[in-house]
$ cat start.pdb   # PDB, C-alpha atoms
ATOM      1  CA  ARG F   1      -1.916 -19.403  20.684
ATOM      2  CA  HIS F   2      -1.173 -16.795  18.016
ATOM      3  CA  ASP F   3      -3.770 -14.263  19.205
ATOM      4  CA  ALA F   4      -5.690 -14.742  15.949
ATOM      5  CA  ARG F   5      -8.672 -12.489  15.363
ATOM      6  CA  GLY F   6     -10.612 -14.888  13.187
ATOM      7  CA  LEU F   7     -10.595 -17.579  10.536
ATOM      8  CA  VAL F   8     -12.692 -17.835   7.396
ATOM      9  CA  VAL F   9     -12.582 -20.762   4.979
ATOM     10  CA  LEU F  10     -14.139 -20.811   1.514
ATOM     11  CA  HIS F  11     -14.602 -23.938  -0.599
ATOM     12  CA  ARG F  12     -15.456 -23.382  -4.252
ATOM     13  CA  GLY F  13     -16.642 -19.927  -3.361
ATOM     14  CA  GLU F  14     -18.921 -21.013  -0.529
ATOM     15  CA  LEU F  15     -18.380 -20.057   3.108
ATOM     16  CA  VAL F  16     -17.837 -23.362   4.939
ATOM     17  CA  LEU F  17     -16.148 -22.320   8.185
ATOM     18  CA  GLU F  18     -16.084 -19.142  10.230
ATOM     19  CA  TRP F  19     -14.501 -18.629  13.638
ATOM     20  CA  TYR F  20     -13.782 -15.489  15.650
ATOM     21  CA  GLY F  21     -11.634 -15.015  18.724
ATOM     22  CA  ASP F  22     -12.351 -12.907  21.785
ATOM     23  CA  HIS F  23     -14.244  -9.740  20.923
ATOM     24  CA  GLY F  24     -14.530 -10.985  17.352
ATOM     25  CA  ASP F  25     -17.005  -9.420  14.976
ATOM     26  CA  PRO F  26     -17.629 -10.603  11.386
ATOM     27  CA  SER F  27     -18.170  -7.017  10.247
ATOM     28  CA  ARG F  28     -15.092  -5.533  11.928
ATOM     29  CA  ARG F  29     -12.562  -4.083   9.492
ATOM     30  CA  HIS F  30      -9.045  -5.151  10.408
ATOM     31  CA  LEU F  31      -5.960  -3.359   9.152
ATOM     32  CA  CYS F  32      -4.416  -5.473   6.395
ATOM     33  CA  TYR F  33      -0.962  -3.863   6.553
ATOM     34  CA  SER F  34       1.223  -4.897   3.603
ATOM     35  CA  VAL F  35      -1.364  -7.275   2.157
ATOM     36  CA  THR F  36      -2.674  -3.977   0.764
ATOM     37  CA  LYS F  37       0.283  -4.078  -1.647
ATOM     38  CA  SER F  38      -1.155  -7.194  -3.277
ATOM     39  CA  LEU F  39      -4.395  -5.395  -4.066
ATOM     40  CA  THR F  40      -2.524  -2.396  -5.471
ATOM     41  CA  GLY F  41      -0.469  -4.731  -7.637
ATOM     42  CA  THR F  42      -3.643  -6.456  -8.825
ATOM     43  CA  LEU F  43      -5.173  -3.095  -9.731
ATOM     44  CA  ALA F  44      -2.019  -2.270 -11.682
ATOM     45  CA  ALA F  45      -2.255  -5.572 -13.576
ATOM     46  CA  ILE F  46      -5.889  -4.788 -14.423
ATOM     47  CA  ALA F  47      -4.870  -1.341 -15.685
ATOM     48  CA  VAL F  48      -2.078  -2.820 -17.830
ATOM     49  CA  HIS F  49      -4.498  -5.368 -19.296
ATOM     50  CA  ALA F  50      -6.986  -2.593 -20.067
ATOM     51  CA  GLY F  51      -4.297  -0.578 -21.847
ATOM     52  CA  LEU F  52      -4.408   2.278 -19.319
ATOM     53  CA  LEU F  53      -0.993   1.694 -17.749
ATOM     54  CA  ASP F  54       2.087   1.214 -19.927
ATOM     55  CA  ARG F  55       4.814  -0.761 -18.179
ATOM     56  CA  SER F  56       7.466   0.660 -20.503
ATOM     57  CA  ALA F  57       6.563   4.288 -19.791
ATOM     58  CA  ARG F  58       8.994   6.513 -17.883
ATOM     59  CA  VAL F  59       7.699   7.524 -14.443
ATOM     60  CA  GLY F  60       8.737  11.163 -14.889
ATOM     61  CA  ASP F  61       6.779  11.361 -18.124
ATOM     62  CA  VAL F  62       3.603  10.016 -16.516
ATOM     63  CA  LEU F  63       4.085  11.964 -13.280
ATOM     64  CA  PRO F  64       6.054  15.183 -13.863
ATOM     65  CA  GLU F  65       5.919  15.727 -10.101
ATOM     66  CA  LEU F  66       8.389  12.840  -9.734
ATOM     67  CA  ALA F  67      10.634  13.748 -12.666
ATOM     68  CA  SER F  68      13.442  15.097 -10.469
ATOM     69  CA  SER F  69      13.089  12.416  -7.786
ATOM     70  CA  GLY F  70      14.753   9.024  -7.610
ATOM     71  CA  PHE F  71      11.710   7.591  -9.380
ATOM     72  CA  GLY F  72      11.951   9.963 -12.345
ATOM     73  CA  ASP F  73      13.952   7.873 -14.817
ATOM     74  CA  ALA F  74      12.566   4.516 -13.687
ATOM     75  CA  SER F  75      10.009   2.697 -15.798
ATOM     76  CA  VAL F  76       6.523   1.808 -14.641
ATOM     77  CA  SER F  77       7.738  -1.793 -14.798
ATOM     78  CA  ASP F  78      10.545  -0.994 -12.341
ATOM     79  CA  VAL F  79       8.000   0.420  -9.933
ATOM     80  CA  ALA F  80       5.492  -2.400 -10.389
ATOM     81  CA  ASP F  81       8.213  -5.026  -9.855
ATOM     82  CA  MET F  82       9.799  -3.101  -6.952
ATOM     83  CA  THR F  83      13.147  -2.917  -8.736
ATOM     84  CA  ALA F  84      13.241   0.881  -8.858
ATOM     85  CA  SER F  85      16.469   2.011  -7.196
ATOM     86  CA  ILE F  86      15.718   4.815  -4.741
ATOM     87  CA  GLY F  87      17.428   6.404  -1.749
ATOM     88  CA  TYR F  88      15.269   4.689   0.840
ATOM     89  CA  ASP F  89      15.852   1.849   3.305
ATOM     90  CA  GLU F  90      12.944  -0.060   4.876
ATOM     91  CA  ASP F  91      14.256  -0.714   8.387
ATOM     92  CA  TYR F  92      11.362  -1.262  10.786
ATOM     93  CA  ASP F  93      13.540  -0.420  13.772
ATOM     94  CA  ASP F  94      13.146   3.179  12.551
ATOM     95  CA  ALA F  95       9.344   3.073  12.776
ATOM     96  CA  GLU F  96       9.075   5.376  15.798
ATOM     97  CA  ARG F  97      12.133   7.480  15.083
ATOM     98  CA  GLY F  98      10.339  10.062  12.994
ATOM     99  CA  ALA F  99      11.815  11.899  10.042
ATOM    100  CA  ASN F 100      15.519  11.710   9.245
ATOM    101  CA  VAL F 101      16.799  15.103  10.341
ATOM    102  CA  ASP F 102      19.790  15.226   7.986
ATOM    103  CA  GLY F 103      17.738  14.092   4.989
ATOM    104  CA  THR F 104      20.628  12.113   3.493
ATOM    105  CA  ARG F 105      18.785   8.820   3.132
ATOM    106  CA  LEU F 106      15.135   8.277   3.844
ATOM    107  CA  GLY F 107      13.866   5.335   5.864
ATOM    108  CA  PHE F 108      10.800   3.827   7.474
ATOM    109  CA  GLY F 109      10.760   6.530  10.147
ATOM    110  CA  ASP F 110      10.294   9.085   7.375
ATOM    111  CA  TYR F 111       7.502   6.968   5.904
ATOM    112  CA  MET F 112       5.679   6.729   9.235
ATOM    113  CA  ALA F 113       6.023  10.480   9.706
ATOM    114  CA  ALA F 114       4.577  11.087   6.235
ATOM    115  CA  VAL F 115       1.611   8.835   7.006
ATOM    116  CA  GLY F 116       1.105  10.636  10.316
ATOM    117  CA  LEU F 117       1.885   7.660  12.565
ATOM    118  CA  VAL F 118       4.658   8.857  14.855
ATOM    119  CA  PRO F 119       4.777   9.464  18.620
ATOM    120  CA  PRO F 120       3.966  13.026  19.744
ATOM    121  CA  GLU F 121       7.520  13.622  20.954
ATOM    122  CA  VAL F 122       8.915  13.315  17.413
ATOM    123  CA  ALA F 123       5.934  14.655  15.461
ATOM    124  CA  ASP F 124       7.419  18.160  15.204
ATOM    125  CA  ARG F 125      10.712  17.056  13.623
ATOM    126  CA  PRO F 126      11.447  18.205  10.061
ATOM    127  CA  GLY F 127      10.314  15.983   7.226
ATOM    128  CA  ALA F 128       7.526  15.273   4.789
ATOM    129  CA  ARG F 129       4.047  15.242   6.273
ATOM    130  CA  SER F 130       2.295  13.499   3.395
ATOM    131  CA  LEU F 131       3.082  10.518   1.187
ATOM    132  CA  ARG F 132       3.203  12.525  -2.001
ATOM    133  CA  ARG F 133       5.708  14.986  -0.521
ATOM    134  CA  LEU F 134       7.812  12.052   0.646
ATOM    135  CA  LEU F 135       7.829  10.506  -2.830
ATOM    136  CA  VAL F 136       8.945  13.800  -4.356
ATOM    137  CA  ALA F 137      11.771  14.014  -1.799
ATOM    138  CA  VAL F 138      13.116  10.491  -2.417
ATOM    139  CA  GLY F 139      16.513  10.573  -4.100
ATOM    140  CA  ALA F 140      18.334   8.179  -6.399
ATOM    141  CA  GLY F 141      19.463   4.772  -5.204
ATOM    142  CA  PRO F 142      22.884   3.099  -5.326
ATOM    143  CA  THR F 143      22.233   0.891  -8.382
ATOM    144  CA  GLY F 144      20.532   1.148 -11.741
ATOM    145  CA  HIS F 145      16.814   0.631 -12.062
ATOM    146  CA  GLY F 146      15.699  -2.905 -12.804
ATOM    147  CA  GLU F 147      18.849  -4.500 -11.382
ATOM    148  CA  VAL F 148      17.929  -5.343  -7.779
ATOM    149  CA  PHE F 149      14.658  -6.136  -6.017
ATOM    150  CA  ALA F 150      14.392  -3.987  -2.902
ATOM    151  CA  TYR F 151      11.270  -4.157  -0.749
ATOM    152  CA  ALA F 152      10.115  -0.593  -0.135
ATOM    153  CA  THR F 153       6.600   0.486   0.783
ATOM    154  CA  PRO F 154       6.861   3.956  -0.857
ATOM    155  CA  VAL F 155       7.340   2.234  -4.221
ATOM    156  CA  THR F 156       3.802   0.857  -3.958
ATOM    157  CA  ASP F 157       2.540   4.335  -3.157
ATOM    158  CA  ALA F 158       4.264   5.569  -6.305
ATOM    159  CA  LEU F 159       2.504   2.801  -8.242
ATOM    160  CA  ALA F 160      -0.857   3.942  -6.845
ATOM    161  CA  TRP F 161      -0.106   7.512  -7.926
ATOM    162  CA  LEU F 162       0.692   6.252 -11.424
ATOM    163  CA  LEU F 163      -2.596   4.355 -11.411
ATOM    164  CA  GLU F 164      -4.552   7.437 -10.411
ATOM    165  CA  ARG F 165      -2.917   9.584 -13.081
ATOM    166  CA  THR F 166      -3.410   7.117 -15.936
ATOM    167  CA  ALA F 167      -6.931   6.059 -14.926
ATOM    168  CA  GLY F 168      -8.053   9.575 -14.028
ATOM    169  CA  ARG F 169      -9.737   8.331 -10.855
ATOM    170  CA  PRO F 170      -8.829   8.253  -7.143
ATOM    171  CA  TYR F 171      -7.216   5.107  -5.783
ATOM    172  CA  ALA F 172     -10.164   4.484  -3.449
ATOM    173  CA  GLU F 173     -12.564   4.407  -6.385
ATOM    174  CA  LEU F 174     -10.291   2.084  -8.339
ATOM    175  CA  LEU F 175     -10.172  -0.309  -5.384
ATOM    176  CA  ARG F 176     -13.923  -0.144  -4.826
ATOM    177  CA  ASP F 177     -15.076  -0.453  -8.438
ATOM    178  CA  GLY F 178     -12.172  -2.267 -10.021
ATOM    179  CA  LEU F 179     -11.772  -5.091  -7.530
ATOM    180  CA  TRP F 180     -13.867  -5.033  -4.365
ATOM    181  CA  ALA F 181     -17.158  -4.901  -6.254
ATOM    182  CA  ASP F 182     -16.161  -8.066  -8.142
ATOM    183  CA  VAL F 183     -15.283 -10.331  -5.226
ATOM    184  CA  GLY F 184     -18.775 -10.695  -3.793
ATOM    185  CA  ALA F 185     -17.752  -9.347  -0.393
ATOM    186  CA  GLU F 186     -20.554  -9.079   2.138
ATOM    187  CA  GLU F 187     -19.026  -6.009   3.763
ATOM    188  CA  GLY F 188     -17.258  -2.873   2.588
ATOM    189  CA  VAL F 189     -13.590  -1.947   2.659
ATOM    190  CA  SER F 190     -12.007   1.229   3.993
ATOM    191  CA  LEU F 191      -8.669   2.976   3.713
ATOM    192  CA  LEU F 192      -6.528   5.013   6.066
ATOM    193  CA  VAL F 193      -5.406   8.409   4.790
ATOM    194  CA  ASP F 194      -2.310  10.490   5.481
ATOM    195  CA  PRO F 195      -2.471  14.129   6.679
ATOM    196  CA  GLY F 196      -2.787  15.209   3.033
ATOM    197  CA  GLY F 197      -5.740  12.906   2.376
ATOM    198  CA  THR F 198      -3.839  10.274   0.368
ATOM    199  CA  PRO F 199      -4.441   6.605   1.234
ATOM    200  CA  PRO F 200      -1.282   4.541   1.884
ATOM    201  CA  ALA F 201      -1.555   2.038  -0.964
ATOM    202  CA  GLY F 202       1.199  -0.057   0.569
ATOM    203  CA  GLY F 203      -0.479  -0.708   3.899
ATOM    204  CA  GLY F 204      -3.676   1.227   4.591
ATOM    205  CA  ARG F 205      -6.510  -1.123   3.660
ATOM    206  CA  GLN F 206      -8.993  -2.250   6.330
ATOM    207  CA  ALA F 207     -11.378  -5.104   5.627
ATOM    208  CA  PRO F 208     -13.372  -7.848   7.397
ATOM    209  CA  HIS F 209     -12.185 -11.441   7.223
ATOM    210  CA  ARG F 210     -14.897 -12.524   4.807
ATOM    211  CA  GLY F 211     -13.857  -9.880   2.304
ATOM    212  CA  ARG F 212     -10.214 -10.941   2.524
ATOM    213  CA  ALA F 213     -11.239 -14.530   1.864
ATOM    214  CA  ARG F 214     -13.272 -13.411  -1.162
ATOM    215  CA  VAL F 215     -10.232 -11.601  -2.565
ATOM    216  CA  GLY F 216      -8.145 -14.737  -2.090
ATOM    217  CA  HIS F 217     -10.741 -16.800  -3.896
ATOM    218  CA  LEU F 218     -10.824 -14.348  -6.813
TER     219      LEU F 218
END

$ encode --input "start.pdb" --output "structure tokens"
Amino acid sequence: RHDARGLVVLHRGELVLEWYGDHGDPSRRHLCYSVTKSLTGTLAAIAVHAGLLDRSARVGDVLPELASSGFGDASVSDVADMTASIGYDEDYDDAERGANVDGTRLGFGDYMAAVGLVPPEVADRPGARSLRRLLVAVGAGPTGHGEVFAYATPVTDALAWLLERTAGRPYAELLRDGLWADVGAEEGVSLLVDPGGTPPAGGGRQAPHRGRARVGHL
């Protein structure tokens, strides 16, 4: 009824039920979309616990590349809690619009263009063509940091960049060794990358159903 791809049930860590729909394959890696944010947040919590990531640190001090952006004077905590105030609006109606030509306020069309997921007819419009360039271009928001929760996928990508800088390792390695290796997944996990080679940490993970269930159990 809901066009489900599959269902996996674990009980006390043991696989007790597994079902797949038409053309189902236990090893197929399905795009996890924004569930990827939960894994990035978990990696951040691990890094904080290990003393690698300081929630009170200023983003611009950790990442000088973002010092003049809307993220610059936010704290790592603001980013991790998605209360950083930035000039960005996550409106999914803009998904296929492409980059904002006037550049006044960035939106989901700009994000999709930065990831490289826009229709050919708008692919040549001005705008950032990588996530990191988009983050640098994001301006200040209408409120102070830490005041309002505002769901914004680029904020998770900023968190992943902070993780990479403080851990000194690529995000993909942190995901593989810092989480995926601990869940007992039978299959691997993969990540999309933008035109600059950066994985979208807010929506680019691909994993089989069993692996997702193992993460939930952990």

$ resolve_selection --input "start.pdb" --expression "the PyMOL selection byres ((chain F and resi 165-179) around 10)" --output "count of residues only"
35

$ atom_distance --input "start.pdb" --atom1 "CA of Thr83 (chain F)" --atom2 "CA of Gly70 (chain F)"
12.1 Å

$ resolve_selection --input "start.pdb" --expression "the PyMOL selection byres ((chain F and resi 209) around 12)" --output "VMD selection string"
chain F and resid 4 to 10 15 17 to 20 24 to 32 185 to 189 206 to 208 210 to 216

$ closest_residue --input "start.pdb" --among "F:Gly72, F:Glu14, F:Leu66, F:Pro154" --to "Gly109 (chain F)" --atoms "only C-alpha atoms"
F:Pro154

$ atom_distance --input "start.pdb" --atom1 "CA of Phe149 (chain F)" --atom2 "CA of Ala114 (chain F)"
23.4 Å

$ closest_residue --input "start.pdb" --among "F:Gly107, F:Gly13, F:Gly144, F:Gly98" --to "Asp78 (chain F)" --atoms "only C-alpha atoms"
F:Gly144

$ closest_residue --input "start.pdb" --among "F:Tyr88, F:Ala128, F:His23, F:Gly204" --to "Leu192 (chain F)" --atoms "only C-alpha atoms"
F:Gly204

$ closest_residue --input "start.pdb" --among "F:Asp61, F:Asp22, F:Asp89, F:Asp3" --to "Pro142 (chain F)" --atoms "all atoms listed in the file"
F:Asp89

$ resolve_selection --input "start.pdb" --expression "the PyMOL selection byres ((chain F and resi 110) around 12)" --output "MDAnalysis selection string"
chainID F and resid 87:109 111:118 122:123 125:131 133:135 137:138 153:154

$ atom_distance --input "start.pdb" --atom1 "CA of Ser56 (chain F)" --atom2 "CA of Ser77 (chain F)"
6.2 Å

$ residues_near_point --input "start.pdb" --point "(9.5, 3.7, -14.0)" --cutoff "8 Å" --atoms "all atoms listed in the file" --output "short mmCIF file (atom, residue, chain, number, x, y, z; two decimals) with C-alpha atoms, keeping the file's coordinate frame"
data_model
loop_
_atom_site.label_atom_id
_atom_site.label_comp_id
_atom_site.auth_asym_id
_atom_site.auth_seq_id
_atom_site.Cartn_x
_atom_site.Cartn_y
_atom_site.Cartn_z
CA ARG F 55 4.81 -0.76 -18.18
CA SER F 56 7.47 0.66 -20.50
CA ALA F 57 6.56 4.29 -19.79
CA ARG F 58 8.99 6.51 -17.88
CA VAL F 59 7.70 7.52 -14.44
CA GLY F 60 8.74 11.16 -14.89
CA PHE F 71 11.71 7.59 -9.38
CA GLY F 72 11.95 9.96 -12.34
CA ASP F 73 13.95 7.87 -14.82
CA ALA F 74 12.57 4.52 -13.69
CA SER F 75 10.01 2.70 -15.80
CA VAL F 76 6.52 1.81 -14.64
CA SER F 77 7.74 -1.79 -14.80
CA ASP F 78 10.54 -0.99 -12.34
CA VAL F 79 8.00 0.42 -9.93
CA ALA F 84 13.24 0.88 -8.86
#

$ axis_aligned_box --input "start.pdb" --around "region 163-179 of chain F" --padding-each-side "6 Å" --output "lines of an AutoDock Vina configuration file"
center_x = -8.8
center_y = 2.2
center_z = -9.7
size_x = 24.5
size_y = 26.7
size_z = 24.5

$ closest_residue --input "start.pdb" --among "F:Ser34, F:Gly141, F:His217, F:Arg1" --to "Gly21 (chain F)" --atoms "all atoms listed in the file"
F:Arg1

$ closest_residue --input "start.pdb" --among "F:Ala80, F:Val35, F:Ala45, F:Val16" --to "Ala150 (chain F)" --atoms "only C-alpha atoms"
F:Ala80

$ build_atoms --input "start.pdb" --residues "region 8-21 of chain F" --atoms "N, CA, C and O atoms" --output "PDB file, keeping the file's coordinate frame"
ATOM      1  N   VAL F   8     -11.625 -17.627   8.364  1.00  0.00           N
ATOM      2  CA  VAL F   8     -12.692 -17.835   7.396  1.00  0.00           C
ATOM      3  C   VAL F   8     -12.172 -18.787   6.321  1.00  0.00           C
ATOM      4  O   VAL F   8     -11.071 -18.598   5.804  1.00  0.00           O
ATOM      5  N   VAL F   9     -12.961 -19.797   6.008  1.00  0.00           N
ATOM      6  CA  VAL F   9     -12.582 -20.762   4.979  1.00  0.00           C
ATOM      7  C   VAL F   9     -13.670 -20.800   3.908  1.00  0.00           C
ATOM      8  O   VAL F   9     -14.860 -20.941   4.213  1.00  0.00           O
ATOM      9  N   LEU F  10     -13.243 -20.665   2.653  1.00  0.00           N
ATOM     10  CA  LEU F  10     -14.139 -20.811   1.514  1.00  0.00           C
ATOM     11  C   LEU F  10     -13.793 -22.102   0.771  1.00  0.00           C
ATOM     12  O   LEU F  10     -12.621 -22.474   0.679  1.00  0.00           O
ATOM     13  N   HIS F  11     -14.807 -22.775   0.250  1.00  0.00           N
ATOM     14  CA  HIS F  11     -14.602 -23.938  -0.599  1.00  0.00           C
ATOM     15  C   HIS F  11     -15.455 -23.768  -1.844  1.00  0.00           C
ATOM     16  O   HIS F  11     -16.689 -23.716  -1.764  1.00  0.00           O
ATOM     17  N   ARG F  12     -14.776 -23.627  -2.979  1.00  0.00           N
ATOM     18  CA  ARG F  12     -15.456 -23.382  -4.252  1.00  0.00           C
ATOM     19  C   ARG F  12     -16.393 -22.172  -4.164  1.00  0.00           C
ATOM     20  O   ARG F  12     -17.496 -22.175  -4.692  1.00  0.00           O
ATOM     21  N   GLY F  13     -15.910 -21.174  -3.468  1.00  0.00           N
ATOM     22  CA  GLY F  13     -16.642 -19.927  -3.361  1.00  0.00           C
ATOM     23  C   GLY F  13     -17.689 -19.871  -2.268  1.00  0.00           C
ATOM     24  O   GLY F  13     -18.291 -18.822  -2.037  1.00  0.00           O
ATOM     25  N   GLU F  14     -17.910 -20.975  -1.581  1.00  0.00           N
ATOM     26  CA  GLU F  14     -18.921 -21.013  -0.529  1.00  0.00           C
ATOM     27  C   GLU F  14     -18.269 -20.943   0.848  1.00  0.00           C
ATOM     28  O   GLU F  14     -17.228 -21.571   1.095  1.00  0.00           O
ATOM     29  N   LEU F  15     -18.883 -20.177   1.740  1.00  0.00           N
ATOM     30  CA  LEU F  15     -18.380 -20.057   3.108  1.00  0.00           C
ATOM     31  C   LEU F  15     -18.682 -21.350   3.861  1.00  0.00           C
ATOM     32  O   LEU F  15     -19.835 -21.723   4.046  1.00  0.00           O
ATOM     33  N   VAL F  16     -17.637 -22.069   4.279  1.00  0.00           N
ATOM     34  CA  VAL F  16     -17.837 -23.362   4.939  1.00  0.00           C
ATOM     35  C   VAL F  16     -17.378 -23.366   6.389  1.00  0.00           C
ATOM     36  O   VAL F  16     -17.750 -24.256   7.156  1.00  0.00           O
ATOM     37  N   LEU F  17     -16.586 -22.381   6.790  1.00  0.00           N
ATOM     38  CA  LEU F  17     -16.148 -22.320   8.185  1.00  0.00           C
ATOM     39  C   LEU F  17     -15.875 -20.873   8.557  1.00  0.00           C
ATOM     40  O   LEU F  17     -15.287 -20.120   7.772  1.00  0.00           O
ATOM     41  N   GLU F  18     -16.304 -20.508   9.748  1.00  0.00           N
ATOM     42  CA  GLU F  18     -16.084 -19.142  10.230  1.00  0.00           C
ATOM     43  C   GLU F  18     -15.906 -19.189  11.739  1.00  0.00           C
ATOM     44  O   GLU F  18     -16.745 -19.751  12.445  1.00  0.00           O
ATOM     45  N   TRP F  19     -14.792 -18.649  12.203  1.00  0.00           N
ATOM     46  CA  TRP F  19     -14.501 -18.629  13.638  1.00  0.00           C
ATOM     47  C   TRP F  19     -13.929 -17.270  14.011  1.00  0.00           C
ATOM     48  O   TRP F  19     -13.149 -16.695  13.251  1.00  0.00           O
ATOM     49  N   TYR F  20     -14.299 -16.764  15.176  1.00  0.00           N
ATOM     50  CA  TYR F  20     -13.782 -15.489  15.650  1.00  0.00           C
ATOM     51  C   TYR F  20     -13.308 -15.625  17.089  1.00  0.00           C
ATOM     52  O   TYR F  20     -13.954 -16.300  17.905  1.00  0.00           O
ATOM     53  N   GLY F  21     -12.194 -14.981  17.387  1.00  0.00           N
ATOM     54  CA  GLY F  21     -11.634 -15.015  18.724  1.00  0.00           C
ATOM     55  C   GLY F  21     -12.362 -14.068  19.659  1.00  0.00           C
ATOM     56  O   GLY F  21     -13.461 -13.582  19.366  1.00  0.00           O
TER      57      GLY F  21
END
